[in-house]
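Q: Structure file input06.cif, mmCIF, C-alpha atoms, is pasted below:
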data_upload
#
loop_
_atom_site.label_atom_id
_atom_site.label_comp_id
_atom_site.auth_asym_id
_atom_site.auth_seq_id
_atom_site.Cartn_x
_atom_site.Cartn_y
_atom_site.Cartn_z
CA MET A 1 -11.47 -19.08 -7.33
CA GLY A 2 -13.43 -20.69 -4.55
CA ASP A 3 -10.54 -22.76 -3.21
CA ARG A 4 -8.48 -21.89 -0.18
CA SER A 5 -5.08 -21.12 -1.62
CA GLU A 6 -1.94 -19.06 -1.41
CA VAL A 7 -2.29 -15.28 -1.54
CA THR A 8 0.54 -12.77 -1.73
CA ILE A 9 -0.25 -9.21 -0.62
CA ILE A 10 1.98 -6.38 -1.80
CA GLY A 11 1.92 -3.75 0.94
CA ALA A 12 2.03 -3.97 4.74
CA GLY A 13 0.10 -0.81 5.47
CA ILE A 14 -3.32 -0.84 7.08
CA ILE A 15 -5.07 -2.03 3.88
CA GLY A 16 -2.66 -4.92 3.34
CA LEU A 17 -2.71 -5.98 6.98
CA ALA A 18 -6.51 -5.88 7.27
CA THR A 19 -6.77 -7.84 4.03
CA ALA A 20 -4.30 -10.41 5.32
CA ALA A 21 -6.40 -10.83 8.48
CA ALA A 22 -9.58 -11.33 6.43
CA LEU A 23 -7.93 -13.93 4.21
CA LEU A 24 -6.40 -15.82 7.12
CA GLU A 25 -9.84 -15.94 8.74
CA ARG A 26 -11.01 -17.81 5.61
CA GLY A 27 -8.16 -20.28 5.80
CA HIS A 28 -5.88 -18.96 3.06
CA ALA A 29 -2.10 -19.12 3.26
CA VAL A 30 -1.00 -15.48 3.26
CA THR A 31 2.33 -13.78 2.61
CA VAL A 32 2.64 -10.00 2.93
CA ILE A 33 5.58 -8.30 1.21
CA ASP A 34 6.71 -4.74 1.84
CA ARG A 35 10.00 -2.93 1.41
CA ASP A 36 9.58 -1.46 4.91
CA GLU A 37 8.32 -2.64 8.28
CA PRO A 38 4.54 -3.04 8.75
CA GLY A 39 2.67 0.22 9.17
CA SER A 40 5.75 2.39 8.75
CA GLY A 41 4.52 4.37 5.74
CA THR A 42 1.36 6.40 5.28
CA SER A 43 -0.54 4.27 7.80
CA ARG A 44 1.83 5.36 10.56
CA GLY A 45 0.83 9.00 10.66
CA ASN A 46 -2.83 9.22 9.79
CA ALA A 47 -5.31 11.07 11.97
CA ALA A 48 -6.65 7.86 13.56
CA GLY A 49 -10.31 8.41 12.68
CA ILE A 50 -12.77 5.71 11.60
CA ALA A 51 -14.61 8.30 9.52
CA TRP A 52 -17.56 6.13 8.50
CA THR A 53 -19.81 9.18 8.93
CA ASP A 54 -18.25 10.79 5.83
CA VAL A 55 -20.35 10.59 2.67
CA ALA A 56 -19.16 13.50 0.51
CA PRO A 57 -16.20 13.32 -1.90
CA LEU A 58 -13.53 16.00 -2.03
CA ALA A 59 -14.56 16.75 -5.62
CA SER A 60 -17.88 18.57 -5.29
CA PRO A 61 -19.71 21.39 -7.09
CA GLY A 62 -18.91 23.78 -4.22
CA ILE A 63 -15.18 23.06 -4.00
CA TRP A 64 -14.36 25.69 -6.58
CA ARG A 65 -15.62 28.49 -4.36
CA LYS A 66 -12.81 27.69 -1.91
CA ALA A 67 -10.07 26.27 -4.12
CA PRO A 68 -8.82 29.52 -5.78
CA GLY A 69 -8.22 31.18 -2.42
CA TRP A 70 -6.50 28.08 -1.10
CA LEU A 71 -4.25 27.78 -4.13
CA LEU A 72 -3.09 31.36 -3.76
CA ASP A 73 -1.69 30.46 -0.32
CA PRO A 74 1.36 28.19 -0.75
CA LEU A 75 0.91 27.01 2.85
CA GLY A 76 -2.89 26.80 2.74
CA PRO A 77 -5.21 23.77 2.96
CA LEU A 78 -4.72 22.95 -0.75
CA ALA A 79 -1.41 23.64 -2.49
CA ILE A 80 0.40 22.52 -5.62
CA ARG A 81 4.18 22.56 -5.83
CA PRO A 82 5.04 24.69 -8.90
CA SER A 83 7.44 21.98 -10.10
CA TYR A 84 4.58 19.47 -10.04
CA ALA A 85 1.88 21.57 -11.73
CA LEU A 86 2.17 19.95 -15.17
CA SER A 87 2.35 16.45 -13.69
CA ILE A 88 -0.84 16.90 -11.68
CA LEU A 89 -2.80 18.59 -14.50
CA PRO A 90 -4.39 15.37 -15.90
CA TRP A 91 -5.50 14.43 -12.36
CA MET A 92 -6.97 17.88 -11.84
CA LEU A 93 -8.93 17.69 -15.10
CA ARG A 94 -10.47 14.42 -13.94
CA PHE A 95 -11.14 16.07 -10.58
CA VAL A 96 -13.11 18.77 -12.40
CA GLN A 97 -15.14 16.07 -14.15
CA ALA A 98 -15.78 14.32 -10.84
CA SER A 99 -17.07 17.55 -9.30
CA ARG A 100 -19.94 17.86 -11.77
CA PRO A 101 -23.33 17.30 -10.11
CA ALA A 102 -24.14 13.89 -11.65
CA ALA A 103 -20.66 12.49 -11.00
CA TRP A 104 -20.69 13.98 -7.50
CA ARG A 105 -23.97 12.22 -6.70
CA ARG A 106 -22.57 8.90 -7.95
CA SER A 107 -19.50 9.31 -5.77
CA ILE A 108 -21.67 10.10 -2.74
CA GLY A 109 -23.57 6.85 -3.22
CA ALA A 110 -20.36 4.85 -3.55
CA ILE A 111 -18.66 6.46 -0.53
CA ALA A 112 -21.80 6.02 1.58
CA ALA A 113 -22.09 2.33 0.62
CA LEU A 114 -18.47 1.59 1.49
CA ASN A 115 -18.45 3.60 4.71
CA ALA A 116 -21.75 2.12 5.90
CA ALA A 117 -20.02 -1.27 5.91
CA ALA A 118 -16.75 0.09 7.32
CA LEU A 119 -17.53 0.18 11.05
CA PRO A 120 -19.22 -3.26 11.23
CA ALA A 121 -16.20 -4.72 9.42
CA TRP A 122 -13.86 -3.09 11.92
CA GLU A 123 -15.97 -4.27 14.87
CA ARG A 124 -15.44 -7.86 13.70
CA LEU A 125 -11.72 -7.35 13.11
CA TRP A 126 -11.17 -5.62 16.46
CA ARG A 127 -12.81 -8.58 18.22
CA ASP A 128 -10.94 -11.18 16.19
CA SER A 129 -7.56 -9.48 16.59
CA GLY A 130 -7.93 -8.54 20.27
CA THR A 131 -7.50 -4.82 19.54
CA LEU A 132 -10.73 -3.42 21.00
CA HIS A 133 -8.66 -1.71 23.69
CA ARG A 134 -7.44 0.74 21.05
CA VAL A 135 -10.94 1.98 20.17
CA LYS A 136 -12.31 5.34 21.38
CA ARG A 137 -16.02 6.14 21.01
CA GLU A 138 -16.22 9.79 22.01
CA GLY A 139 -17.56 11.12 18.71
CA CYS A 140 -16.33 14.03 16.60
CA LEU A 141 -16.89 17.79 16.69
CA ASP A 142 -17.10 19.93 13.55
CA VAL A 143 -15.85 23.32 14.75
CA PHE A 144 -16.03 26.71 13.00
CA ASP A 145 -15.03 30.21 14.00
CA LYS A 146 -16.88 31.97 11.17
CA PRO A 147 -20.72 32.06 11.07
CA ALA A 148 -20.72 32.03 7.27
CA GLU A 149 -18.89 28.69 7.28
CA ILE A 150 -21.47 27.23 9.66
CA ALA A 151 -24.20 28.22 7.24
CA ARG A 152 -22.36 26.52 4.37
CA ALA A 153 -21.72 23.40 6.47
CA ARG A 154 -25.43 22.79 7.08
CA ALA A 155 -25.96 21.28 3.63
CA GLY A 156 -23.25 18.72 4.34
CA TRP A 157 -24.73 17.90 7.73
CA GLN A 158 -28.11 17.37 6.11
CA LEU A 159 -26.53 15.08 3.53
CA GLN A 160 -25.14 12.99 6.38
CA ARG A 161 -28.54 12.91 8.08
CA ASP A 162 -30.09 11.78 4.80
CA HIS A 163 -27.79 8.74 5.03
CA GLY A 164 -28.86 7.91 8.58
CA ILE A 165 -25.98 9.61 10.38
CA GLU A 166 -26.74 11.55 13.55
CA VAL A 167 -25.55 15.16 13.45
CA ARG A 168 -26.39 17.63 16.22
CA GLU A 169 -25.78 21.31 15.50
CA LEU A 170 -24.32 23.16 18.50
CA SER A 171 -23.55 26.74 19.47
CA GLY A 172 -20.07 27.94 20.33
CA ALA A 173 -20.94 27.87 24.03
CA GLU A 174 -22.20 24.30 23.78
CA LEU A 175 -18.99 23.24 22.04
CA ARG A 176 -16.91 24.87 24.78
CA ASP A 177 -18.99 23.06 27.39
CA MET A 178 -17.97 19.78 25.74
CA GLU A 179 -14.35 20.80 25.13
CA PRO A 180 -13.34 23.66 27.47
CA ASP A 181 -9.99 24.24 25.77
CA LEU A 182 -11.69 25.52 22.61
CA GLY A 183 -11.26 29.28 22.46
CA PRO A 184 -13.77 32.15 22.54
CA THR A 185 -13.64 32.63 18.76
CA VAL A 186 -15.45 29.32 18.18
CA ALA A 187 -18.84 30.33 16.79
CA GLY A 188 -20.56 26.95 16.42
CA GLY A 189 -20.49 23.58 14.74
CA ALA A 190 -21.86 20.10 15.18
CA PHE A 191 -21.43 16.87 17.14
CA LEU A 192 -21.32 13.49 15.39
CA PRO A 193 -21.68 10.94 18.20
CA GLY A 194 -21.18 7.91 15.94
CA TRP A 195 -17.63 8.81 14.97
CA VAL A 196 -14.98 6.37 16.24
CA GLN A 197 -11.21 6.57 16.41
CA VAL A 198 -8.24 4.51 17.54
CA ASP A 199 -5.67 5.62 20.08
CA ASP A 200 -2.63 5.10 17.82
CA PRO A 201 -2.81 4.13 14.13
CA HIS A 202 0.77 2.88 14.06
CA GLY A 203 0.11 0.78 17.16
CA MET A 204 -2.97 -0.64 15.45
CA CYS A 205 -0.83 -1.66 12.48
CA LEU A 206 1.72 -3.34 14.71
CA ASP A 207 -1.04 -5.19 16.58
CA LEU A 208 -2.56 -6.38 13.30
CA ALA A 209 0.87 -7.49 12.07
CA ALA A 210 1.24 -9.56 15.26
CA HIS A 211 -2.25 -10.96 14.72
CA VAL A 212 -1.39 -11.92 11.13
CA ARG A 213 1.74 -13.70 12.23
CA GLY A 214 -0.12 -15.35 15.10
CA ARG A 215 -2.65 -16.78 12.65
CA GLY A 216 0.13 -18.30 10.55
CA GLY A 217 0.65 -15.49 8.03
CA THR A 218 4.09 -14.42 6.87
CA ILE A 219 5.32 -10.82 6.61
CA GLU A 220 8.51 -10.32 4.64
CA ARG A 221 10.75 -7.44 3.65
CA GLY A 222 11.17 -7.07 -0.11
CA GLU A 223 10.38 -4.81 -3.03
CA VAL A 224 8.25 -5.95 -5.96
CA LEU A 225 9.42 -4.31 -9.19
CA ALA A 226 6.95 -5.77 -11.68
CA LEU A 227 4.03 -8.14 -12.09
CA ALA A 228 3.35 -10.45 -15.02
CA ARG A 229 1.04 -13.23 -16.05
CA GLY A 230 2.78 -16.58 -16.06
CA SER A 231 1.97 -20.19 -16.87
CA GLU A 232 2.03 -21.04 -13.16
CA GLY A 233 0.16 -18.08 -11.75
CA ILE A 234 1.25 -14.50 -11.26
CA MET A 235 4.97 -13.73 -11.42
CA LEU A 236 6.47 -11.14 -9.10
CA ARG A 237 9.87 -9.77 -10.13
CA MET A 238 11.76 -8.70 -7.03
CA ARG A 239 14.54 -6.17 -6.54
CA GLU A 240 16.49 -8.92 -4.82
CA GLY A 241 16.08 -12.66 -5.07
CA PRO A 242 14.38 -14.94 -7.58
CA VAL A 243 11.07 -14.35 -9.30
CA ARG A 244 8.17 -15.34 -7.06
CA ARG A 245 4.94 -16.98 -8.17
CA ALA A 246 1.52 -16.94 -6.58
CA PRO A 247 -1.98 -17.95 -7.74
CA HIS A 248 -3.49 -14.84 -6.15
CA VAL A 249 -1.94 -11.43 -5.57
CA VAL A 250 -3.42 -8.34 -3.88
CA LEU A 251 -1.91 -5.02 -4.91
CA ALA A 252 -2.22 -2.81 -1.82
CA CYS A 253 0.86 -0.60 -1.67
CA GLY A 254 -0.93 2.73 -1.63
CA ALA A 255 0.54 5.56 -3.67
CA TRP A 256 3.17 3.19 -5.08
CA SER A 257 0.52 0.94 -6.64
CA ARG A 258 0.20 2.99 -9.82
CA ARG A 259 3.59 1.96 -11.18
CA LEU A 260 2.91 -1.76 -10.74
CA ALA A 261 -0.58 -1.47 -12.22
CA ALA A 262 0.69 0.57 -15.17
CA GLY A 263 3.30 -2.11 -15.82
CA ILE A 264 0.54 -4.55 -16.75
CA GLY A 265 -1.37 -2.01 -18.83
CA GLU A 266 -3.79 -0.69 -16.20
CA ASP A 267 -2.85 2.97 -15.91
CA VAL A 268 -4.99 4.30 -13.08
CA PRO A 269 -4.96 8.09 -12.45
CA LEU A 270 -3.58 7.66 -8.95
CA ASP A 271 -1.63 10.49 -7.38
CA THR A 272 -0.61 11.44 -3.87
CA GLU A 273 -2.03 14.07 -1.56
CA ARG A 274 0.91 14.80 0.69
CA GLY A 275 -0.37 15.22 4.24
CA TYR A 276 1.48 16.82 7.15
CA ASN A 277 1.08 16.62 10.89
CA ILE A 278 2.74 17.13 14.23
CA THR A 279 2.12 14.99 17.31
CA VAL A 280 2.60 16.98 20.50
CA PRO A 281 3.14 14.90 23.68
CA GLU A 282 2.37 17.76 26.10
CA PRO A 283 0.18 20.27 24.23
CA GLY A 284 -1.01 22.19 27.30
CA VAL A 285 -4.63 21.39 26.39
CA SER A 286 -6.78 18.29 26.62
CA PHE A 287 -9.49 17.00 24.28
CA ARG A 288 -11.69 13.97 24.68
CA ARG A 289 -13.02 14.07 21.13
CA PHE A 290 -11.70 14.21 17.60
CA ILE A 291 -12.07 17.82 16.34
CA MET A 292 -12.55 18.67 12.68
CA LEU A 293 -11.66 22.20 11.60
CA ALA A 294 -12.94 22.03 8.05
CA GLY A 295 -12.69 25.76 7.52
CA TYR A 296 -8.92 25.52 7.95
CA GLY A 297 -8.48 22.08 6.39
CA PHE A 298 -7.05 20.19 9.37
CA VAL A 299 -7.96 18.18 12.47
CA LEU A 300 -7.05 17.79 16.12
CA SER A 301 -6.84 14.13 17.10
CA PRO A 302 -6.22 13.09 20.73
CA LEU A 303 -3.98 10.01 20.72
CA ALA A 304 -2.35 7.91 23.40
CA LYS A 305 0.96 9.63 22.64
CA GLY A 306 -0.36 13.21 22.57
CA LEU A 307 -2.35 15.56 20.37
CA ARG A 308 -1.98 15.12 16.61
CA ILE A 309 -2.50 18.27 14.55
CA GLY A 310 -2.69 17.35 10.91
CA GLY A 311 -4.30 17.62 7.52
CA ALA A 312 -4.16 19.83 4.45
CA VAL A 313 -3.38 18.69 0.92
CA GLU A 314 -0.20 19.28 -1.03
CA PHE A 315 0.34 17.94 -4.52
CA GLY A 316 4.03 17.43 -5.05
CA GLY A 317 4.58 13.79 -5.99
CA LEU A 318 6.56 11.11 -4.22
CA ALA A 319 10.08 12.50 -4.59
CA ALA A 320 10.04 16.11 -3.36
CA ALA A 321 11.37 16.84 0.12
CA PRO A 322 8.84 17.80 2.82
CA ASP A 323 8.04 21.47 3.27
CA TRP A 324 7.96 21.69 7.06
CA ARG A 325 6.63 25.23 6.90
CA ARG A 326 3.27 23.57 6.30
CA VAL A 327 3.41 22.15 9.84
CA ASP A 328 4.16 25.61 11.21
CA ALA A 329 1.11 26.90 9.32
CA LEU A 330 -1.07 24.16 10.81
CA VAL A 331 0.06 25.06 14.31
CA ALA A 332 -0.56 28.76 13.71
CA ARG A 333 -4.09 28.10 12.49
CA ALA A 334 -4.77 25.78 15.40
CA GLY A 335 -3.84 28.59 17.76
CA LYS A 336 -6.76 30.64 16.42
CA VAL A 337 -9.29 28.21 17.89
CA VAL A 338 -7.17 26.71 20.70
CA PRO A 339 -5.32 29.70 22.16
CA LYS A 340 -3.74 27.73 25.03
CA LEU A 341 -2.12 25.22 22.66
CA ASP A 342 1.61 24.71 23.16
CA ALA A 343 3.08 22.95 20.12
CA ALA A 344 6.67 24.12 20.52
CA THR A 345 7.90 20.51 20.54
CA GLY A 346 6.53 17.45 18.82
CA GLU A 347 7.14 14.79 16.19
CA ARG A 348 6.69 16.13 12.65
CA TRP A 349 5.59 13.82 9.86
CA MET A 350 4.68 13.85 6.18
CA GLY A 351 2.94 11.00 4.35
CA PHE A 352 1.47 10.14 0.96
CA ARG A 353 -2.29 9.68 0.72
CA PRO A 354 -2.99 7.57 -2.40
CA SER A 355 -5.78 9.55 -4.07
CA LEU A 356 -8.01 9.24 -7.09
CA PRO A 357 -9.95 12.17 -8.56
CA ASP A 358 -13.40 10.86 -7.57
CA SER A 359 -12.40 10.12 -3.93
CA LEU A 360 -13.11 6.40 -4.44
CA PRO A 361 -10.56 3.60 -4.06
CA VAL A 362 -9.88 0.86 -6.55
CA ILE A 363 -11.22 -2.43 -5.18
CA SER A 364 -11.34 -4.58 -8.26
CA PRO A 365 -10.07 -7.64 -10.07
CA SER A 366 -7.42 -6.85 -12.63
CA ARG A 367 -8.69 -6.91 -16.22
CA ARG A 368 -5.25 -8.07 -17.40
CA ILE A 369 -4.10 -10.78 -15.00
CA PRO A 370 -6.46 -13.41 -13.54
CA GLY A 371 -6.02 -13.77 -9.80
CA LEU A 372 -4.74 -10.21 -9.28
CA ILE A 373 -6.90 -7.97 -7.07
CA HIS A 374 -6.36 -4.22 -6.78
CA ALA A 375 -6.94 -2.60 -3.37
CA PHE A 376 -5.52 0.91 -3.30
CA GLY A 377 -6.35 4.59 -3.59
CA HIS A 378 -8.26 5.10 -0.33
CA ALA A 379 -6.98 8.67 0.15
CA HIS A 380 -8.33 10.13 3.43
CA HIS A 381 -10.23 6.91 4.24
CA GLY A 382 -7.46 4.32 4.36
CA LEU A 383 -7.90 3.50 8.04
CA THR A 384 -11.68 3.86 7.81
CA GLN A 385 -12.09 1.49 4.87
CA ALA A 386 -9.31 -1.01 5.63
CA ALA A 387 -11.39 -3.75 7.26
CA VAL A 388 -14.24 -3.62 4.75
CA THR A 389 -11.72 -3.63 1.90
CA GLY A 390 -10.22 -6.79 3.36
CA ASP A 391 -13.65 -8.42 3.49
CA LEU A 392 -14.41 -7.43 -0.11
CA VAL A 393 -11.06 -8.71 -1.38
CA ALA A 394 -11.59 -11.99 0.48
CA ALA A 395 -14.99 -12.37 -1.19
CA LEU A 396 -13.48 -11.77 -4.62
CA ILE A 397 -10.76 -14.35 -4.06
CA ALA A 398 -13.36 -16.85 -2.83
CA GLY A 399 -15.46 -16.30 -5.94
CA GLU A 400 -18.36 -14.98 -3.86
CA ARG A 401 -20.63 -12.03 -4.57
CA PRO A 402 -19.27 -9.09 -2.54
CA ALA A 403 -21.54 -7.52 0.05
CA ILE A 404 -21.74 -4.30 -1.97
CA ASP A 405 -21.67 -3.57 -5.69
CA LEU A 406 -18.03 -3.04 -6.66
CA ALA A 407 -18.70 -1.42 -10.04
CA PRO A 408 -18.01 2.13 -8.71
CA TYR A 409 -14.53 1.02 -7.58
CA ALA A 410 -13.53 -0.79 -10.79
CA VAL A 411 -9.99 -0.41 -12.06
CA ASP A 412 -11.21 0.53 -15.54
CA ARG A 413 -13.85 3.09 -14.54
CA PHE A 414 -11.80 6.04 -15.78
#
Is it possible to give me this structure as structure tokens?

A:
Amino acid sequence: MGDRSEVTIIGAGIIGLATAAALLERGHAVTVIDRDEPGSGTSRGNAAGIAWTDVAPLASPGIWRKAPGWLLDPLGPLAIRPSYALSILPWMLRFVQASRPAAWRRSIGAIAALNAAALPAWERLWRDSGTLHRVKREGCLDVFDKPAEIARARAGWQLQRDHGIEVRELSGAELRDMEPDLGPTVAGGAFLPGWVQVDDPHGMCLDLAAHVRGRGGTIERGEVLALARGSEGIMLRMREGPVRRAPHVVLACGAWSRRLAAGIGEDVPLDTERGYNITVPEPGVSFRRFIMLAGYGFVLSPLAKGLRIGGAVEFGGLAAAPDWRRVDALVARAGKVVPKLDAATGERWMGFRPSLPDSLPVISPSRRIPGLIHAFGHAHHGLTQAAVTGDLVAALIAGERPAIDLAPYAVDRF
């Protein structure tokens, strides 16, 4: 596959757009297909963090100490819609397996390897695409209002330090010196100076779409219903129009990727963590830095358009209507640590994080169709891992050895 050829990418979110940019840089002819406009799905409303400092998966030996209390609160950081409980059960059983110590350690190594390459990949893409103006390098604060949670967080901070990430533990007073609008209940936390974010994730998608088109790539509206192996490459059956054919296809349509993969016999245990947020244009407070409130399961992200308050996990599938009470709960919890916050008005949003039980994406050649590359399932790290995923996919299509071992992200690892 070392030739420069035609590549069709299914999905115009941040993964598909970053992959398109990487392939165009190598001289491929690229067509991106999506049923919606670029960046209008899950990529539109993420928290905007380049969270390369993360190394720990969601599935961990300690998660079960918190999960029962969360699950008892229908509006808490982790919730399951009753109507979806049976559907999510197989995913949850794999999540239990992934939280065992040996599996947890393997996932840490795989997350750390991917995220260590994430920021350098973005640095190259920001330069190439002229989007450096969107980058903010103010770091991130881990903030807690309960001393017991600070004590529990120290093991995670040490794990990050073990992977070369700078973490400075701070008192509540030191945190308020850095961010005066944090309230008096803040007991302590940590500063991660290496953390990076963008000023608007949707704007970043639109800029990358313009970059793709400017480099000669094509972005089209259309819905792919099925993939199949054909005598002249990969066949794409469309909802409208004739069957398309391409020698190389990248499947990168997030939470909707499972159906297309299952259609060719690769049934990946992909589900969706429904995430909620509200973006408040005039919140009455001001933050320079991204603020992580892990004890409550959400974040405060200062964007060009206002303050984004978002997070939490709800398992409810792709069809259920949003439960906007979850946004109200986020705002109420935010008020405990930011008492001057005014979130009476803002843009509410719900999106679908494509998640796998071990917190690792699928970045892998298909085992069923030559020329098909899977690139989905990035969960909370879609923006973080987009540029490095594009580089890895480009290496696979070129027949090169990827910069990191892709075995942990294989489509058939489950």

Q: Convert the output of the PyMOL selection byres ((chain A and resi 398-405) around 9) on the shown file into explicit residues, formatted as a PyMOL selection string.

A: chain A and resi 1-4+26+110+113-114+117+391-397+406-409

Q: What is the distance, in Å and to one decimal place, between atom CA of Arg258 of chain A and atom CA of Leu356 of chain A?

A: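 We find that atom CA of Arg258 of chain A and atom CA of Leu356 of chain A lie 10.7 Å from each other.
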
Q: Counting all atoms listed in the file, what is within 8 Å of Leu227 of chain A, bar same-chain residues fewer than 5 positions away, as a list in words?

A: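 Listing them by chain and then by number gives Ile234, Met235, Leu236, Arg237, Leu260, Gly263 and Ile264 of chain A.
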
Q: With distances taken over only C-alpha atoms, which of A:Ala228, A:Ala304, A:Val337, A:Ala98 is nearest to Pro247 of chain A?

A: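 Of A:Ala228, A:Ala304, A:Val337, A:Ala98, the one nearest Pro247 of chain A is A:Ala228, counting only C-alpha atoms.
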
Q: Write out as a list in words each polymer residue whose atoms come within 10 Å of Ala59 of chain A, counting all atoms listed in the file; drop sequence neighbours fewer than 3 positions from it.

A: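 The residues satisfying every condition are Ala56, Gly62, Ile63, Trp64, Met92, Arg94, Phe95, Val96, Gln97, Ala98, Ser99, Arg100, Pro101, Ala103, Trp104, Ser107, Pro357, Asp358 and Ser359 of chain A.
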
Q: Taking the file as shown, find all residues satisfying the PyMOL selection byres ((chain A and resi 341) around 12) and write them as a PyMOL selection string.

A: chain A and resi 181-183+280-287+300+307-309+330-340+342-345

Q: Please identify all polymer residues within 8 Å of segment 124-140 of chain A, counting only C-alpha atoms, omitting same-chain residues fewer than 4 positions from it, and present them as a list in words.

A: Ala18, Ala21, Pro120, Phe191, Leu192, Pro193, Gly194, Trp195, Val196, Gln197, Val198, Asp199, Asp200, Met204, Asp207, Leu208, His211, Arg288, Arg289, Phe290, Ile291, Met292 and Ala387 of chain A

Q: Using all atoms listed in the file, find the one residue out of A:Thr42, A:Ser257, A:Gln158, A:Ser87 that sits nearest to Arg274 of chain A.

A: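 Among A:Thr42, A:Ser257, A:Gln158, A:Ser87, it is A:Thr42 that comes nearest to Arg274 of chain A.
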
Q: Taking into account only C-alpha atoms, which residue in the set A:Tyr276, A:Trp256, A:Phe144, A:Trp52 is nearest to Gly351 of chain A?

A: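 Closest to Gly351 of chain A, using only C-alpha atoms: A:Tyr276.
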
Q: Quick one: distance from atom CA of Arg168 of chain A to atom CA of Ala190 of chain A in Å, one decimal?

A: 5.3 Å

Q: What does the structure give for the distance between atom CA of Pro184 of chain A and atom CA of Asp73 of chain A, in Å to one decimal?

A: 25.9 Å

Q: Could you give me, as an MDAnalysis selection string, the residues within 7 Å of Gly377 of chain A, counting all atoms listed in the file and dropping anything in the same chain fewer than 3 positions from it?

A: chainID A and resid 254:255 270 354:356 361:362

Q: Just write the chosen residues, C-alpha atoms, as an mmCIF file, in the coordinates of the input.

A:
data_model
loop_
_atom_site.group_PDB
_atom_site.id
_atom_site.type_symbol
_atom_site.label_atom_id
_atom_site.label_comp_id
_atom_site.auth_asym_id
_atom_site.auth_seq_id
_atom_site.Cartn_x
_atom_site.Cartn_y
_atom_site.Cartn_z
ATOM 1 C CA GLY A 254 -0.930 2.730 -1.630
ATOM 2 C CA ALA A 255 0.540 5.560 -3.670
ATOM 3 C CA LEU A 270 -3.580 7.660 -8.950
ATOM 4 C CA PRO A 354 -2.990 7.570 -2.400
ATOM 5 C CA SER A 355 -5.780 9.550 -4.070
ATOM 6 C CA LEU A 356 -8.010 9.240 -7.090
ATOM 7 C CA PRO A 361 -10.560 3.600 -4.060
ATOM 8 C CA VAL A 362 -9.880 0.860 -6.550
#
